[in-house]
Amino acid sequence: MLAFVVKHSLVGMFLCALLGFLLPAASNWLFPVLPYVLFTLMLLTLLGMPMQALMRRVMHRAMWCYGLLHCAFFMLLFTAIGLAFEVSDELLLAVLGVGATGSLFATPAIVRALGFDSLEAMAMTIVTTLLLPIALFIPIKWIHLSEGGLDFVTYGIRLLIFIAGPILFSYLAHRFLPQEWLKRTLVKISPYTILLVFAFPFGLIGSYRGLWDQQASLALWYLLLSVVLVMVFFFVTFLCYRKAGLEEALTAAITAGNRNVLLTYSIAGSLLGPAFLPLAGALQVPTYLLPVMTKRLHRIFAKKK
């Protein structure tokens, strides 16, 4: 049964988003648990990576250039568009929050399922996650919507827990635990990590369903916006990396399209304004359609060679 789930995991993620939309009560019940699921997934993903090779990739200048494209470029682009069209502060802050967001820690598993270089995707994910606090701080301070100020202590603690925590724990595990035992344990555990990934589309879409029940027309607008955002992330990045090769371009593109909005919300919470959670919920549909679309695109481009 597990082998079947893993084989069809790309479709399964999208189906979980639809199921969460159909079962909003269950989705909302799962939502408060998602930060713990996120921490576990981040930790297990990092533990399964060869740390020395991964750190060499992370330290490479090309990774940080990708990181700047992933957040800084798109945030500047969306700021310009938002100001030009006089977008409300609430919506602009939500969009910039998505633009600041690092890649999903499930991305390496998705990239591996597509047959691409998961280590490359993991390095990109870590870099964009490390840039997240700085990128996120800028729009929160610029578009100040909450009554209180930014609590740097709480902000710092959340950063330590959700970003530094898994990285440090993984480093210490690789440093002090017997490597053979660690590898055997991870081989047994790793197939089950895909089940953790299913929790995100299911648990995050409940807030979007709440908006749908209250204002269906606004919810459709959020869905359209989320599709546009994901497509812009994906195709702009694909074009920027096309000369590097097909698989490299698709890896960078899907890493740019998959955004870890739960981590962003876990760090910043209500400081992101009332529009962020519904938009994050709407993003689950195009985000988890993206791997299926990428697989199809890879087949099309491969046939043209």
# chains A, B, ... in the order shown; residues from 1 in each chain; ligands from 1

$ residues_around --residues "Tyr222 (chain A)" --least-positions-apart "5" --cutoff "10 Å" --atoms "only C-alpha atoms" --output "ChimeraX atom specification"
/A:91,208,211-212,216-217,227-228,275,278-283

$ write_last_selection --atoms "C-alpha atoms" --output "compact mmCIF listing (two decimals), in the first residue's frame"
# COMPACT_ATOMS: atom_id res chain seq x y z
CA LEU A 91 -3.42 42.04 -0.45
CA TYR A 208 -9.62 29.31 1.77
CA LEU A 211 -13.52 32.54 2.42
CA TRP A 212 -15.35 30.56 -0.29
CA ALA A 216 -17.34 32.98 -3.39
CA SER A 217 -16.46 35.69 -5.92
CA VAL A 227 -2.46 30.44 -10.11
CA VAL A 228 -0.87 33.54 -11.64
CA ALA A 275 -5.39 38.22 3.39
CA PRO A 278 -6.83 32.66 2.48
CA LEU A 279 -4.23 33.28 -0.22
CA ALA A 280 -1.99 30.59 1.27
CA GLY A 281 -4.94 28.21 1.19
CA ALA A 282 -5.72 29.04 -2.43
CA LEU A 283 -2.06 28.46 -3.31

$ residues_around --residues "Thr101 (chain A)" --least-positions-apart "4" --cutoff "10 Å" --atoms "only C-alpha atoms" --output "list in words"
His70, Cys71, Val95, Leu96, Gly97, Thr128, Thr129, Leu131, Leu132, Pro133, Ala135, Leu136, Ala256, Asn258, Arg259, Asn260, Val261, Leu262, Leu263, Thr264 and Tyr265 of chain A

$ closest_residue --among "A:Ala199, A:Leu272, A:Val236, A:Met124" --to "Cys65 (chain A)" --atoms "only C-alpha atoms"
A:Met124

$ select_by_dssp --residues "region 159-299 of chain A" --states "alpha helix (DSSP H)" --output "PyMOL selection string"
chain A and resi 159+165-176+179-189+193-204+206-214+216-241+246-257+261-268+276-299

$ closest_residue --among "A:Leu38, A:Ala25, A:Met59, A:Leu92" --to "Val127 (chain A)" --atoms "only C-alpha atoms"
A:Met59

$ closest_residue --among "A:Ile205, A:Val232, A:Ile134, A:Leu277" --to "Leu23 (chain A)" --atoms "only C-alpha atoms"
A:Ile205

$ closest_residue --among "A:Phe73, A:Trp142, A:Phe276, A:Phe301" --to "Gly245 (chain A)" --atoms "only C-alpha atoms"
A:Phe301

$ residues_around --residues "Tyr36 (chain A)" --least-positions-apart "2" --cutoff "12 Å" --atoms "only C-alpha atoms" --output "list in words"
Leu30, Phe31, Pro32, Val33, Leu34, Leu38, Phe39, Thr40, Leu41, Met42, Leu43, Ile161, Phe162, Pro166, Leu196, Ala199, Phe200, Leu262, Leu263 and Ser266 of chain A

$ write_last_selection --atoms "C-alpha atoms" --output "JSON list (two decimals), in the first residue's frame"
[["chain", "number", "residue", "atom", "x", "y", "z"],
["A", 30, "LEU", "CA", -5.48, 19.65, 11.32],
["A", 31, "PHE", "CA", -4.20, 23.20, 10.78],
["A", 32, "PRO", "CA", -2.91, 23.85, 14.36],
["A", 33, "VAL", "CA", -0.86, 20.62, 14.16],
["A", 34, "LEU", "CA", 0.86, 21.56, 10.89],
["A", 38, "LEU", "CA", 6.54, 20.94, 9.30],
["A", 39, "PHE", "CA", 9.33, 20.74, 11.86],
["A", 40, "THR", "CA", 9.38, 16.93, 11.62],
["A", 41, "LEU", "CA", 9.45, 16.97, 7.83],
["A", 42, "MET", "CA", 12.24, 19.56, 7.74],
["A", 43, "LEU", "CA", 14.28, 17.50, 10.19],
["A", 161, "ILE", "CA", 12.77, 26.77, 16.25],
["A", 162, "PHE", "CA", 11.69, 26.42, 12.63],
["A", 166, "PRO", "CA", 16.24, 21.36, 12.19],
["A", 196, "LEU", "CA", 3.67, 14.10, 6.18],
["A", 199, "ALA", "CA", -0.91, 16.99, 5.53],
["A", 200, "PHE", "CA", 0.01, 20.42, 4.15],
["A", 262, "LEU", "CA", 3.14, 27.50, 6.48],
["A", 263, "LEU", "CA", 6.68, 28.30, 7.64],
["A", 266, "SER", "CA", 4.49, 30.12, 11.66]]

$ closest_residue --among "A:Phe202, A:Gly99, A:Ser27, A:Leu218" --to "Gly257 (chain A)" --atoms "only C-alpha atoms"
A:Gly99

$ residues_around --residues "region 110-116 of chain A" --least-positions-apart "2" --cutoff "9 Å" --atoms "only C-alpha atoms" --output "ChimeraX atom specification"
/A:6-7,9-10,106-108,118-121,247-248,250-251,254-255,291,294-295,298
